[in-house]
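Asker: Just work10.tsv, nothing more (TSV, C-alpha atoms and all ligand atoms):
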chain	number	residue	atom	x	y	z
Q	1	MET	CA	11.45	-15.90	-30.46
Q	2	SER	CA	9.92	-15.06	-27.13
Q	3	ARG	CA	8.82	-17.60	-24.52
Q	4	PHE	CA	5.74	-15.42	-23.93
Q	5	LYS	CA	2.40	-15.09	-25.67
Q	6	PHE	CA	1.58	-11.43	-26.38
Q	7	THR	CA	-1.74	-9.60	-26.49
Q	8	ALA	CA	-2.93	-6.03	-27.04
Q	9	GLY	CA	-6.26	-4.23	-27.13
Q	10	PRO	CA	-7.87	-2.34	-30.02
Q	11	TRP	CA	-7.27	0.84	-27.95
Q	12	ASN	CA	-3.52	0.30	-28.30
Q	13	VAL	CA	-3.78	1.41	-31.92
Q	14	HIS	CA	-5.52	4.72	-31.44
Q	15	GLU	CA	-6.18	7.97	-33.20
Q	16	GLY	CA	-3.78	10.05	-31.10
Q	17	ALA	CA	-6.31	12.28	-29.32
Q	18	ASP	CA	-5.13	13.50	-25.91
Q	19	ALA	CA	-6.52	15.78	-23.21
Q	20	PHE	CA	-5.31	18.82	-25.15
Q	21	GLY	CA	-5.90	17.97	-28.79
Q	22	PRO	CA	-8.10	16.00	-31.15
Q	23	ALA	CA	-7.45	12.84	-33.13
Q	24	VAL	CA	-4.60	13.04	-35.64
Q	25	ARG	CA	-4.86	9.59	-37.20
Q	26	PRO	CA	-7.85	7.95	-38.89
Q	27	THR	CA	-9.76	5.19	-37.11
Q	28	ILE	CA	-8.65	1.74	-38.24
Q	29	PRO	CA	-11.53	-0.76	-38.48
Q	30	PHE	CA	-11.55	-3.53	-35.86
Q	31	GLU	CA	-10.93	-6.41	-38.25
Q	32	GLU	CA	-7.97	-4.63	-39.86
Q	33	LYS	CA	-6.38	-4.21	-36.41
Q	34	VAL	CA	-6.97	-7.87	-35.58
Q	35	LYS	CA	-5.40	-8.99	-38.87
Q	36	LYS	CA	-2.37	-6.82	-38.22
Q	37	PHE	CA	-2.11	-8.06	-34.61
Q	38	ALA	CA	-1.82	-11.61	-35.96
Q	39	GLU	CA	0.77	-10.52	-38.54
Q	40	ILE	CA	3.03	-8.88	-35.98
Q	41	GLY	CA	2.99	-12.01	-33.82
Q	42	LEU	CA	0.36	-11.42	-31.15
Q	43	SER	CA	-1.48	-14.46	-29.81
Q	44	GLY	CA	-4.57	-12.71	-28.54
Q	45	VAL	CA	-6.68	-9.60	-28.14
Q	46	GLN	CA	-7.76	-7.81	-24.98
Q	47	PHE	CA	-11.20	-6.27	-24.93
Q	48	HIS	CA	-13.23	-3.67	-23.19
Q	49	ASP	CA	-16.87	-4.75	-23.27
Q	50	ASP	CA	-17.71	-2.09	-25.84
Q	51	ASP	CA	-14.62	-2.83	-27.94
Q	52	ALA	CA	-16.33	-6.15	-28.58
Q	53	VAL	CA	-19.94	-4.91	-28.66
Q	54	PRO	CA	-19.86	-1.16	-29.39
Q	55	ASP	CA	-23.58	-0.36	-29.06
Q	56	MET	CA	-24.20	-2.65	-26.08
Q	57	ASN	CA	-26.11	-0.08	-24.02
Q	58	ASN	CA	-28.89	-0.18	-26.61
Q	59	MET	CA	-29.00	-3.95	-27.09
Q	60	THR	CA	-30.77	-6.82	-25.38
Q	61	GLU	CA	-28.78	-9.43	-23.50
Q	62	LYS	CA	-29.29	-11.93	-26.31
Q	63	GLN	CA	-28.25	-9.42	-28.99
Q	64	ILE	CA	-25.06	-8.68	-27.03
Q	65	ILE	CA	-24.13	-12.37	-26.81
Q	66	ASP	CA	-24.90	-12.97	-30.50
Q	67	TYR	CA	-22.78	-9.99	-31.53
Q	68	ALA	CA	-19.91	-11.21	-29.36
Q	69	LYS	CA	-20.11	-14.65	-31.00
Q	70	ASP	CA	-19.51	-12.96	-34.37
Q	71	VAL	CA	-16.46	-11.22	-32.90
Q	72	LYS	CA	-15.21	-14.62	-31.76
Q	73	ALA	CA	-15.53	-15.85	-35.35
Q	74	THR	CA	-13.33	-12.94	-36.48
Q	75	LEU	CA	-10.72	-13.89	-33.87
Q	76	ASP	CA	-10.86	-17.53	-34.99
Q	77	LYS	CA	-10.28	-16.44	-38.59
Q	78	TYR	CA	-6.91	-15.00	-37.57
Q	79	ASN	CA	-6.09	-17.69	-35.03
Q	80	LEU	CA	-6.24	-15.30	-32.09
Q	81	VAL	CA	-7.83	-15.76	-28.68
Q	82	ALA	CA	-9.54	-13.27	-26.38
Q	83	GLU	CA	-7.47	-12.74	-23.24
Q	84	PHE	CA	-10.01	-10.83	-21.15
Q	85	VAL	CA	-12.96	-8.47	-21.15
Q	86	ALA	CA	-13.02	-5.30	-19.02
Q	87	PRO	CA	-16.18	-3.26	-18.41
Q	88	ARG	CA	-15.39	0.25	-19.68
Q	89	LEU	CA	-17.27	2.02	-16.93
Q	90	TRP	CA	-15.24	5.22	-16.98
Q	91	MET	CA	-16.45	6.34	-20.43
Q	92	ASP	CA	-20.15	6.26	-19.79
Q	93	PRO	CA	-22.22	9.24	-18.60
Q	94	HIS	CA	-23.92	6.84	-16.14
Q	95	THR	CA	-20.66	6.37	-14.23
Q	96	THR	CA	-19.24	9.88	-14.03
Q	97	ASP	CA	-18.84	9.41	-10.26
Q	98	GLY	CA	-17.55	5.84	-10.54
Q	99	GLY	CA	-19.38	2.54	-10.93
Q	100	TYR	CA	-19.02	0.25	-7.92
Q	101	THR	CA	-18.40	3.19	-5.58
Q	102	THR	CA	-20.70	5.81	-7.04
Q	103	ASN	CA	-23.04	7.74	-4.78
Q	104	SER	CA	-25.92	7.11	-7.20
Q	105	LYS	CA	-28.05	3.98	-6.79
Q	106	GLU	CA	-29.12	4.08	-10.45
Q	107	ASP	CA	-25.55	4.41	-11.69
Q	108	TYR	CA	-24.49	1.54	-9.44
Q	109	GLU	CA	-27.13	-0.67	-11.02
Q	110	PHE	CA	-25.90	0.35	-14.46
Q	111	ALA	CA	-22.31	-0.53	-13.46
Q	112	MET	CA	-23.41	-3.98	-12.34
Q	113	TRP	CA	-25.42	-4.47	-15.54
Q	114	ARG	CA	-22.30	-3.67	-17.58
Q	115	SER	CA	-20.22	-6.00	-15.39
Q	116	PHE	CA	-22.62	-8.92	-15.90
Q	117	ARG	CA	-22.76	-8.20	-19.64
Q	118	SER	CA	-18.94	-8.15	-19.70
Q	119	ILE	CA	-19.01	-11.65	-18.25
Q	120	ASP	CA	-21.52	-12.75	-20.92
Q	121	ILE	CA	-19.29	-11.22	-23.62
Q	122	ALA	CA	-16.20	-12.92	-22.21
Q	123	ARG	CA	-17.95	-16.30	-22.28
Q	124	ALA	CA	-19.10	-15.73	-25.87
Q	125	LEU	CA	-15.52	-14.82	-26.82
Q	126	GLY	CA	-14.29	-18.03	-25.19
Q	127	CYS	CA	-12.47	-16.56	-22.21
Q	128	ASN	CA	-13.05	-16.49	-18.47
Q	129	LYS	CA	-11.00	-13.49	-17.37
Q	130	ILE	CA	-12.60	-10.20	-16.39
Q	131	VAL	CA	-10.32	-7.23	-15.80
Q	132	LEU	CA	-11.41	-4.44	-13.50
Q	133	TRP	CA	-9.40	-1.30	-14.00
Q	134	LEU	CA	-11.10	0.72	-11.27
Q	135	ALA	CA	-10.72	4.00	-13.11
Q	136	ARG	CA	-13.20	6.17	-11.20
Q	137	GLU	CA	-13.46	4.08	-8.02
Q	138	GLY	CA	-12.18	6.74	-5.68
Q	139	THR	CA	-12.65	10.47	-5.44
Q	140	LEU	CA	-11.98	13.84	-7.03
Q	141	CYS	CA	-13.20	15.51	-3.83
Q	142	ALA	CA	-11.81	13.50	-0.92
Q	143	GLU	CA	-14.86	14.14	1.30
Q	144	SER	CA	-17.43	13.22	-1.36
Q	145	LYS	CA	-17.59	9.51	-0.45
Q	146	GLN	CA	-17.38	7.50	2.75
Q	147	PRO	CA	-14.23	5.48	2.01
Q	148	VAL	CA	-14.79	2.52	4.35
Q	149	GLU	CA	-18.34	2.03	3.10
Q	150	LYS	CA	-17.19	2.32	-0.54
Q	151	ILE	CA	-14.35	-0.16	-0.20
Q	152	LYS	CA	-16.82	-2.66	1.30
Q	153	LYS	CA	-19.16	-1.93	-1.60
Q	154	LEU	CA	-16.37	-2.65	-4.07
Q	155	ILE	CA	-15.85	-6.05	-2.43
Q	156	SER	CA	-19.57	-6.89	-2.47
Q	157	SER	CA	-19.73	-5.90	-6.17
Q	158	ILE	CA	-16.93	-8.34	-6.93
Q	159	ASN	CA	-18.75	-11.00	-4.90
Q	160	ALA	CA	-21.85	-10.47	-7.05
Q	161	MET	CA	-19.76	-11.07	-10.20
Q	162	LEU	CA	-18.22	-14.21	-8.70
Q	163	GLU	CA	-21.71	-15.48	-7.91
Q	164	TYR	CA	-23.06	-14.61	-11.36
Q	165	ASP	CA	-20.60	-17.00	-13.02
Q	166	LYS	CA	-18.82	-19.70	-11.04
Q	167	ASP	CA	-16.04	-20.09	-13.61
Q	168	ILE	CA	-14.90	-16.54	-14.17
Q	169	LYS	CA	-11.77	-15.05	-12.71
Q	170	ILE	CA	-11.56	-11.38	-11.76
Q	171	LEU	CA	-8.25	-9.57	-12.34
Q	172	ILE	CA	-8.00	-6.19	-10.65
Q	173	GLU	CA	-5.65	-3.73	-12.38
Q	174	PRO	CA	-4.49	-1.25	-9.73
Q	175	LYS	CA	-3.63	2.37	-10.46
Q	176	PRO	CA	-3.14	5.02	-7.77
Q	177	ASN	CA	-4.68	7.98	-9.62
Q	178	GLU	CA	-5.86	9.29	-13.00
Q	179	PRO	CA	-8.57	9.93	-13.99
Q	180	ILE	CA	-9.44	10.29	-10.31
Q	181	ASP	CA	-7.34	12.00	-7.68
Q	182	ARG	CA	-7.40	9.25	-5.04
Q	183	SER	CA	-8.01	5.62	-5.89
Q	184	TYR	CA	-9.36	3.05	-3.43
Q	185	CYS	CA	-7.21	0.30	-4.88
Q	186	GLY	CA	-3.85	1.74	-5.93
Q	187	THR	CA	-1.32	-1.08	-5.66
Q	188	ILE	CA	-0.93	-4.85	-5.80
Q	189	GLY	CA	-1.04	-4.90	-2.00
Q	190	HIS	CA	-4.53	-3.37	-2.14
Q	191	VAL	CA	-5.56	-5.94	-4.73
Q	192	MET	CA	-4.34	-8.85	-2.59
Q	193	ALA	CA	-6.25	-7.49	0.39
Q	194	VAL	CA	-9.46	-7.05	-1.63
Q	195	SER	CA	-9.02	-10.55	-3.06
Q	196	SER	CA	-8.71	-12.10	0.38
Q	197	ALA	CA	-11.90	-10.35	1.52
Q	198	THR	CA	-14.07	-11.79	-1.28
Q	199	ILE	CA	-16.19	-14.94	-1.14
Q	200	ASP	CA	-13.69	-16.77	-3.38
Q	201	PRO	CA	-10.13	-15.40	-3.16
Q	202	SER	CA	-8.94	-18.21	-5.47
Q	203	ARG	CA	-10.78	-16.44	-8.31
Q	204	VAL	CA	-9.62	-12.88	-7.66
Q	205	GLY	CA	-6.13	-11.91	-8.76
Q	206	ALA	CA	-4.21	-9.14	-10.44
Q	207	VAL	CA	-2.95	-7.62	-13.65
Q	208	LEU	CA	0.03	-5.40	-13.07
Q	209	GLU	CA	0.70	-2.52	-15.45
Q	210	SER	CA	4.27	-1.19	-15.35
Q	211	ALA	CA	3.22	2.46	-15.70
Q	212	HIS	CA	0.62	2.20	-12.94
Q	213	ALA	CA	3.24	0.89	-10.50
Q	214	ILE	CA	5.61	3.73	-11.45
Q	215	LEU	CA	2.77	6.23	-10.89
Q	216	ALA	CA	2.44	4.77	-7.37
Q	217	GLY	CA	6.17	5.37	-6.86
Q	218	LEU	CA	6.85	1.63	-6.89
Q	219	ASP	CA	9.03	-0.72	-8.92
Q	220	PRO	CA	6.86	-2.74	-11.36
Q	221	ALA	CA	9.10	-5.82	-10.98
Q	222	TYR	CA	8.55	-5.81	-7.22
Q	223	GLU	CA	4.81	-5.37	-7.66
Q	224	MET	CA	4.85	-8.37	-10.02
Q	225	ALA	CA	6.88	-10.33	-7.49
Q	226	PHE	CA	4.39	-9.54	-4.75
Q	227	ALA	CA	1.47	-10.88	-6.82
Q	228	LEU	CA	3.54	-13.88	-7.97
Q	229	SER	CA	4.31	-14.81	-4.38
Q	230	PHE	CA	0.54	-15.16	-3.80
Q	231	GLY	CA	0.07	-17.09	-7.08
Q	232	LYS	CA	-2.07	-14.21	-8.31
Q	233	LEU	CA	-0.27	-12.57	-11.22
Q	234	TRP	CA	-2.67	-13.56	-13.98
Q	235	SER	CA	-1.74	-10.90	-16.55
Q	236	VAL	CA	0.68	-8.04	-17.03
Q	237	HIS	CA	0.46	-4.80	-18.96
Q	238	LEU	CA	3.98	-4.00	-19.99
Q	239	ASN	CA	4.77	-0.41	-20.92
Q	240	ASP	CA	6.93	2.42	-19.60
Q	241	GLN	CA	6.50	5.76	-17.91
Q	242	ASN	CA	8.72	8.77	-17.30
Q	243	SER	CA	8.31	9.23	-13.53
Q	244	ILE	CA	5.18	10.41	-11.73
Q	245	ARG	CA	3.14	12.39	-14.24
Q	246	TYR	CA	0.22	11.67	-16.59
Q	247	ASP	CA	-0.16	8.05	-17.70
Q	248	GLN	CA	2.10	7.72	-20.75
Q	249	ASP	CA	1.85	4.11	-21.93
Q	250	LYS	CA	5.26	4.32	-23.60
Q	251	THR	CA	6.96	1.47	-25.41
Q	252	PHE	CA	8.20	-1.12	-22.92
Q	253	GLY	CA	11.74	-0.27	-21.77
Q	254	ALA	CA	11.81	3.14	-23.47
Q	255	GLU	CA	12.45	4.99	-20.20
Q	256	ASN	CA	14.16	2.60	-17.81
Q	257	LEU	CA	15.90	-0.44	-19.24
Q	258	ARG	CA	17.11	-1.82	-15.92
Q	259	GLN	CA	13.60	-1.67	-14.52
Q	260	ALA	CA	12.33	-3.36	-17.70
Q	261	PHE	CA	15.04	-6.03	-17.39
Q	262	ASN	CA	13.98	-6.79	-13.84
Q	263	GLN	CA	10.35	-7.17	-14.92
Q	264	ILE	CA	11.31	-9.73	-17.57
Q	265	LYS	CA	13.66	-11.40	-15.10
Q	266	VAL	CA	11.00	-11.85	-12.43
Q	267	LEU	CA	8.59	-13.22	-15.05
Q	268	CYS	CA	11.18	-15.66	-16.47
Q	269	ASP	CA	12.55	-16.72	-13.08
Q	270	ASN	CA	9.04	-17.60	-11.91
Q	271	ASP	CA	7.95	-19.32	-15.11
Q	272	TYR	CA	5.21	-16.79	-15.78
Q	273	GLY	CA	2.96	-18.12	-18.52
Q	274	LYS	CA	3.06	-21.73	-17.40
Q	275	ASN	CA	-0.66	-21.61	-16.57
Q	276	GLY	CA	-1.55	-19.81	-19.79
Q	277	GLU	CA	-0.93	-16.28	-18.52
Q	278	MET	CA	-0.24	-13.83	-21.33
Q	279	VAL	CA	1.85	-10.69	-21.69
Q	280	GLY	CA	-0.30	-7.69	-22.53
Q	281	LEU	CA	1.29	-4.66	-24.14
Q	282	ASP	CA	-0.65	-1.63	-22.93
Q	283	VAL	CA	1.35	0.78	-25.05
Q	284	LYS	CA	0.24	3.73	-27.16
Q	285	ALA	CA	1.98	5.27	-30.15
Q	286	MET	CA	3.14	8.86	-29.76
Q	287	ARG	CA	0.74	11.46	-31.13
Q	288	THR	CA	3.37	12.36	-33.72
Q	289	GLN	CA	3.36	8.89	-35.27
Q	290	LYS	CA	1.91	8.63	-38.78
Q	291	VAL	CA	-0.82	6.11	-39.56
Q	292	GLU	CA	1.41	4.32	-42.09
Q	293	ASP	CA	3.56	3.04	-39.21
Q	294	CYS	CA	1.21	3.03	-36.24
Q	295	TYR	CA	1.89	-0.50	-34.92
Q	296	ARG	CA	5.59	0.12	-34.41
Q	297	HIS	CA	5.25	0.75	-30.63
Q	298	LEU	CA	3.81	-2.79	-30.28
Q	299	GLN	CA	6.52	-4.33	-32.46
Q	300	ASN	CA	9.21	-2.40	-30.59
Q	301	SER	CA	7.84	-3.54	-27.23
Q	302	ILE	CA	7.97	-7.19	-28.33
Q	303	LYS	CA	11.53	-6.69	-29.57
Q	304	VAL	CA	12.57	-5.16	-26.24
Q	305	VAL	CA	11.02	-8.09	-24.34
Q	306	GLU	CA	12.87	-10.56	-26.58
Q	307	MET	CA	16.19	-8.77	-26.18
Q	308	LEU	CA	15.76	-8.66	-22.42
Q	309	GLU	CA	14.91	-12.36	-22.36
Q	310	GLU	CA	18.32	-12.93	-23.92
Q	311	LYS	CA	19.91	-10.84	-21.17
Q	312	VAL	CA	18.06	-12.89	-18.54
Q	313	LYS	CA	19.46	-16.08	-20.12
Q	314	LYS	CA	22.97	-14.61	-19.93
Q	315	PHE	CA	22.59	-13.57	-16.29
Q	316	ASP	CA	25.25	-15.46	-14.37
Q	317	ASN	CA	23.60	-16.89	-11.25
Q	318	ALA	CA	26.89	-18.33	-9.97
Q	319	PHE	CA	28.50	-14.88	-10.16
Q	320	ARG	CA	25.50	-13.38	-8.36
Q	321	ASP	CA	25.80	-16.04	-5.63
Q	322	LYS	CA	29.48	-15.26	-5.26
Q	323	CYS	CA	28.72	-11.55	-4.86
Q	324	ILE	CA	26.04	-12.40	-2.30
Q	325	ALA	CA	28.47	-14.63	-0.37
Q	326	GLU	CA	31.01	-11.80	-0.35
Q	327	ARG	CA	28.22	-9.29	0.43
Q	328	ASN	CA	29.64	-7.27	-2.45
Q	329	TYR	CA	26.53	-5.74	-3.96
Q	330	GLU	CA	28.53	-2.95	-5.64
Q	331	LYS	CA	30.19	-5.69	-7.68
Q	332	LEU	CA	26.82	-7.26	-8.48
Q	333	GLU	CA	25.33	-3.91	-9.47
Q	334	MET	CA	28.17	-3.21	-11.91
Q	335	TYR	CA	27.76	-6.70	-13.34
Q	336	VAL	CA	24.09	-5.95	-14.09
Q	337	LEU	CA	24.95	-2.59	-15.70
Q	338	GLU	CA	27.61	-4.21	-17.88
Q	339	LEU	CA	25.26	-7.04	-18.81
Q	340	LEU	CA	22.72	-4.49	-20.00
Q	341	MET	CA	25.19	-2.21	-21.80
Q	342	LYS	CA	27.40	-4.75	-23.53
Q	343	GLY	CA	26.10	-6.09	-26.86
Q	401	LIG	C1	-5.75	2.51	-18.10
Q	401	LIG	C2	-5.49	1.14	-18.49
Q	401	LIG	C3	-6.60	0.43	-19.17
Q	401	LIG	C4	-6.77	-0.97	-18.72
Q	401	LIG	C5	-7.88	-1.74	-19.35
Q	401	LIG	O1	-4.69	3.18	-17.53
Q	401	LIG	O2	-4.41	0.65	-18.32
Q	401	LIG	O3	-6.38	0.46	-20.54
Q	401	LIG	O4	-5.61	-1.69	-18.98
Q	401	LIG	O5	-9.10	-1.25	-19.03
Q	402	MN	MN	-3.55	-1.32	-18.57
Could you show the structure in this file as structure tokens?
Ligand code: XUL
Ligand code: MN

Answerer:
Amino acid sequence: MSRFKFTAGPWNVHEGADAFGPAVRPTIPFEEKVKKFAEIGLSGVQFHDDDAVPDMNNMTEKQIIDYAKDVKATLDKYNLVAEFVAPRLWMDPHTTDGGYTTNSKEDYEFAMWRSFRSIDIARALGCNKIVLWLAREGTLCAESKQPVEKIKKLISSINAMLEYDKDIKILIEPKPNEPIDRSYCGTIGHVMAVSSATIDPSRVGAVLESAHAILAGLDPAYEMAFALSFGKLWSVHLNDQNSIRYDQDKTFGAENLRQAFNQIKVLCDNDYGKNGEMVGLDVKAMRTQKVEDCYRHLQNSIKVVEMLEEKVKKFDNAFRDKCIAERNYEKLEMYVLELLMKG
């Protein structure tokens, strides 16, 4: 049994479409996914605004809230909670050039409308966390936006959300690139800086996704540690990634077990979860996976976390301290490798 509470989003059980080929698995209805999430041991569900309310662009504010309340009833039925809601700005034709940093006044207003509706949906689902994955907040053509002006605009957009609801918390999920070429907010350091520039830094924190850190050329465990040291790691998206290429969302630990171990170690050592923080699994099944077994990547990720928690428990702090006293880090390194390789 894990010490953590796990969550995943409906998008983590997907049809297998990629940039070069169409869907290969049928769409599984929302409630069926939720039921299965509960069966495999998840505690909650993560949402994009339109995962919860699919036709929201064509609905009134009241209709959106009422629909979200029905979704909450479905979650209650399976004893699951909503972890967060994230405005899915990158999918909409209104936000082709980004949302908070678009060059279009109309599209900016649409982005803010979706952000406020995401807050309404979160409240109806019984949660107060809003995740901003700033997918298109940056550029494809470096000269197409004035970066200083746009970064200030991003901060004032977050301020508007903080003012709209005094109880919500904003979690920025940094990613250095993809789908855009250059992101304005690529690492946890950027997130901490943006947080400190808002009207209420105590309500602006981070969600760190392992793959996004690797894409930035950084170690996810160190990115987590950085946010933890500011008291601002409010969610994680565990997964894995084979070096700096397209975003892969592989099963946690599938590429780099030592790096995965260090992520679990930093979470355990710092009592992550003590304030209700959850462990999101932002993993996707391979395109080759058949629909009959299309939750396995989630189950495998949980299993890897649990096995690494056992390794963390076995980690001999006294031996580490001895190696530190001797300044014998070669000895310590071999100890870690043996810990991971021995059964
Ligand atoms: C994209 C990504 C998103 C966010 C939620 O790379 O990780 O799924 O986690 O919007
Ligand atoms: Mn993610």

Asker: For the interface of chain Q with ligand LIG 401 (chain Q) (cut-off 7 Å, counting only C-alpha atoms and all ligand atoms), please tabulate each contacting residue of chain Q alongside its nearest pair of atoms and their separation in Å to one decimal, rows sorted by chain and increasing number, as a Markdown table.

Answerer:
| residue | atom | partner | partner_atom | distance |
| --- | --- | --- | --- | --- |
| Q:His48 | CA | Q:LIG401 | O5 | 6.3 |
| Q:Ala86 | CA | Q:LIG401 | O5 | 5.6 |
| Q:Arg88 | CA | Q:LIG401 | O5 | 6.5 |
| Q:Val131 | CA | Q:LIG401 | O5 | 6.9 |
| Q:Leu132 | CA | Q:LIG401 | O5 | 6.8 |
| Q:Trp133 | CA | Q:LIG401 | O5 | 5.0 |
| Q:Glu173 | CA | Q:LIG401 | O4 | 6.9 |
| Q:Glu209 | CA | Q:LIG401 | O2 | 6.7 |
| Q:His237 | CA | Q:LIG401 | O4 | 6.8 |
| Q:Asp247 | CA | Q:LIG401 | O1 | 6.7 |
| Q:Asp282 | CA | Q:LIG401 | O4 | 6.3 |

Asker: Give as a ChimeraX atom specification the set of residues within 8 Å of the point (0.6, 10.7, -27.4), where distances use the file's coordinates and all atoms listed in the file.

Answerer: /Q:16-18,248,284-288

Asker: Please identify the residues whose atoms come within 9 Å of ligand MN 402 (chain Q), using all atoms listed in the file, and report them as a list in words.

Answerer: Trp133, Glu173, Pro174, Lys175, Val207, Leu208, Glu209, Ser210, Ala211, His212, Val236, His237, Leu238, Asn239, Asp249, Gly280, Leu281, Asp282 and Val283 of chain Q

Asker: Mind checking which residues fall within 8 Å of range 218-227 of chain Q, counting all atoms listed in the file, ignoring those fewer than 3 positions away in the same chain, and posting them as number ranges by chain?

Answerer: Q: 187-189, 192, 205-206, 208-211, 213-215, 230-233, 259-260, 262-264, 266-267

Asker: At what distance in Å, to one decimal, does CA of Leu125 in chain Q lie from CA of Ala82 in chain Q?

Answerer: 6.2 Å

Asker: State, in Å with one decimal place, the distance from CA of Val81 in chain Q to CA of Asp165 in chain Q.

Answerer: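 These two atoms are separated by 20.2 Å.
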
Asker: Separation of CA of Leu80 in chain Q and CA of Val305 in chain Q, in Å?

Answerer: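 A separation of 20.2 Å between them.
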
Asker: Rank nothing, just name the residue among Q:Tyr108, Q:Tyr246, Q:Tyr335, Q:Tyr272 nearest to Asp181 in chain Q, using only C-alpha atoms.

Answerer: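 That would be Q:Tyr246, the residue with the smallest distance to Asp181 in chain Q.
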
Asker: Kindly indicate which residue among Q:Leu228, Q:Glu109, Q:Ala122, Q:Glu31 lies nearest to Asp271 in chain Q, using all atoms listed in the file for the distances.

Answerer: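 Closest to Asp271 in chain Q, using all atoms listed in the file: Q:Leu228.
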
Asker: Env of Asn57 in chain Q: 10 Å cut, atoms = only C-alpha atoms, seq-sep filter 6 positions within chain, self excluded. Answer as a PyMOL selection string.

Answerer: chain Q and resi 50+64+92+110+113-114+117

Asker: Nearest to Cys141 in chain Q among Q:Phe116, Q:Leu154, Q:Ser183, Q:Ser202, with distances taken over all atoms listed in the file: which residue is it?

Answerer: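 Result for the nearest residue to Cys141 in chain Q: Q:Ser183.
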
Asker: Save N, CA, C and O atoms of range 45-56 of chain Q from the block above as a PDB file, in the first residue's frame.

Answerer:
ATOM      1  N   VAL Q  45      -9.915  12.355  -9.419  1.00  0.00           N
ATOM      2  CA  VAL Q  45      -9.866  12.585 -10.866  1.00  0.00           C
ATOM      3  C   VAL Q  45      -9.386  14.013 -11.102  1.00  0.00           C
ATOM      4  O   VAL Q  45      -9.753  14.934 -10.365  1.00  0.00           O
ATOM      5  N   GLN Q  46      -8.567  14.178 -12.126  1.00  0.00           N
ATOM      6  CA  GLN Q  46      -8.144  15.514 -12.547  1.00  0.00           C
ATOM      7  C   GLN Q  46      -8.973  15.889 -13.776  1.00  0.00           C
ATOM      8  O   GLN Q  46      -9.276  15.026 -14.591  1.00  0.00           O
ATOM      9  N   PHE Q  47      -9.281  17.152 -13.885  1.00  0.00           N
ATOM     10  CA  PHE Q  47     -10.163  17.564 -14.983  1.00  0.00           C
ATOM     11  C   PHE Q  47      -9.596  18.730 -15.779  1.00  0.00           C
ATOM     12  O   PHE Q  47      -9.057  19.676 -15.192  1.00  0.00           O
ATOM     13  N   HIS Q  48      -9.778  18.690 -17.085  1.00  0.00           N
ATOM     14  CA  HIS Q  48      -9.803  19.924 -17.855  1.00  0.00           C
ATOM     15  C   HIS Q  48     -11.241  20.431 -17.762  1.00  0.00           C
ATOM     16  O   HIS Q  48     -12.169  19.626 -17.535  1.00  0.00           O
ATOM     17  N   ASP Q  49     -11.420  21.734 -17.961  1.00  0.00           N
ATOM     18  CA  ASP Q  49     -12.791  22.275 -17.850  1.00  0.00           C
ATOM     19  C   ASP Q  49     -13.775  21.518 -18.742  1.00  0.00           C
ATOM     20  O   ASP Q  49     -14.870  21.140 -18.322  1.00  0.00           O
ATOM     21  N   ASP Q  50     -13.333  21.214 -19.980  1.00  0.00           N
ATOM     22  CA  ASP Q  50     -14.271  20.556 -20.893  1.00  0.00           C
ATOM     23  C   ASP Q  50     -14.246  19.020 -20.785  1.00  0.00           C
ATOM     24  O   ASP Q  50     -15.008  18.343 -21.473  1.00  0.00           O
ATOM     25  N   ASP Q  51     -13.375  18.469 -19.924  1.00  0.00           N
ATOM     26  CA  ASP Q  51     -13.566  17.061 -19.540  1.00  0.00           C
ATOM     27  C   ASP Q  51     -14.826  16.975 -18.680  1.00  0.00           C
ATOM     28  O   ASP Q  51     -15.588  16.012 -18.760  1.00  0.00           O
ATOM     29  N   ALA Q  52     -14.988  17.995 -17.842  1.00  0.00           N
ATOM     30  CA  ALA Q  52     -16.143  17.997 -16.921  1.00  0.00           C
ATOM     31  C   ALA Q  52     -17.411  18.447 -17.644  1.00  0.00           C
ATOM     32  O   ALA Q  52     -18.468  17.851 -17.484  1.00  0.00           O
ATOM     33  N   VAL Q  53     -17.278  19.511 -18.438  1.00  0.00           N
ATOM     34  CA  VAL Q  53     -18.455  20.082 -19.118  1.00  0.00           C
ATOM     35  C   VAL Q  53     -18.115  20.222 -20.610  1.00  0.00           C
ATOM     36  O   VAL Q  53     -17.660  21.276 -21.065  1.00  0.00           O
ATOM     37  N   PRO Q  54     -18.318  19.132 -21.377  1.00  0.00           N
ATOM     38  CA  PRO Q  54     -17.799  19.090 -22.754  1.00  0.00           C
ATOM     39  C   PRO Q  54     -18.279  20.219 -23.674  1.00  0.00           C
ATOM     40  O   PRO Q  54     -17.498  20.745 -24.434  1.00  0.00           O
ATOM     41  N   ASP Q  55     -19.538  20.617 -23.565  1.00  0.00           N
ATOM     42  CA  ASP Q  55     -20.050  21.612 -24.523  1.00  0.00           C
ATOM     43  C   ASP Q  55     -20.084  23.015 -23.914  1.00  0.00           C
ATOM     44  O   ASP Q  55     -20.900  23.846 -24.286  1.00  0.00           O
ATOM     45  N   MET Q  56     -19.168  23.291 -22.996  1.00  0.00           N
ATOM     46  CA  MET Q  56     -19.264  24.522 -22.207  1.00  0.00           C
ATOM     47  C   MET Q  56     -19.289  25.818 -23.022  1.00  0.00           C
ATOM     48  O   MET Q  56     -19.934  26.782 -22.614  1.00  0.00           O
TER      49      MET Q  56
END
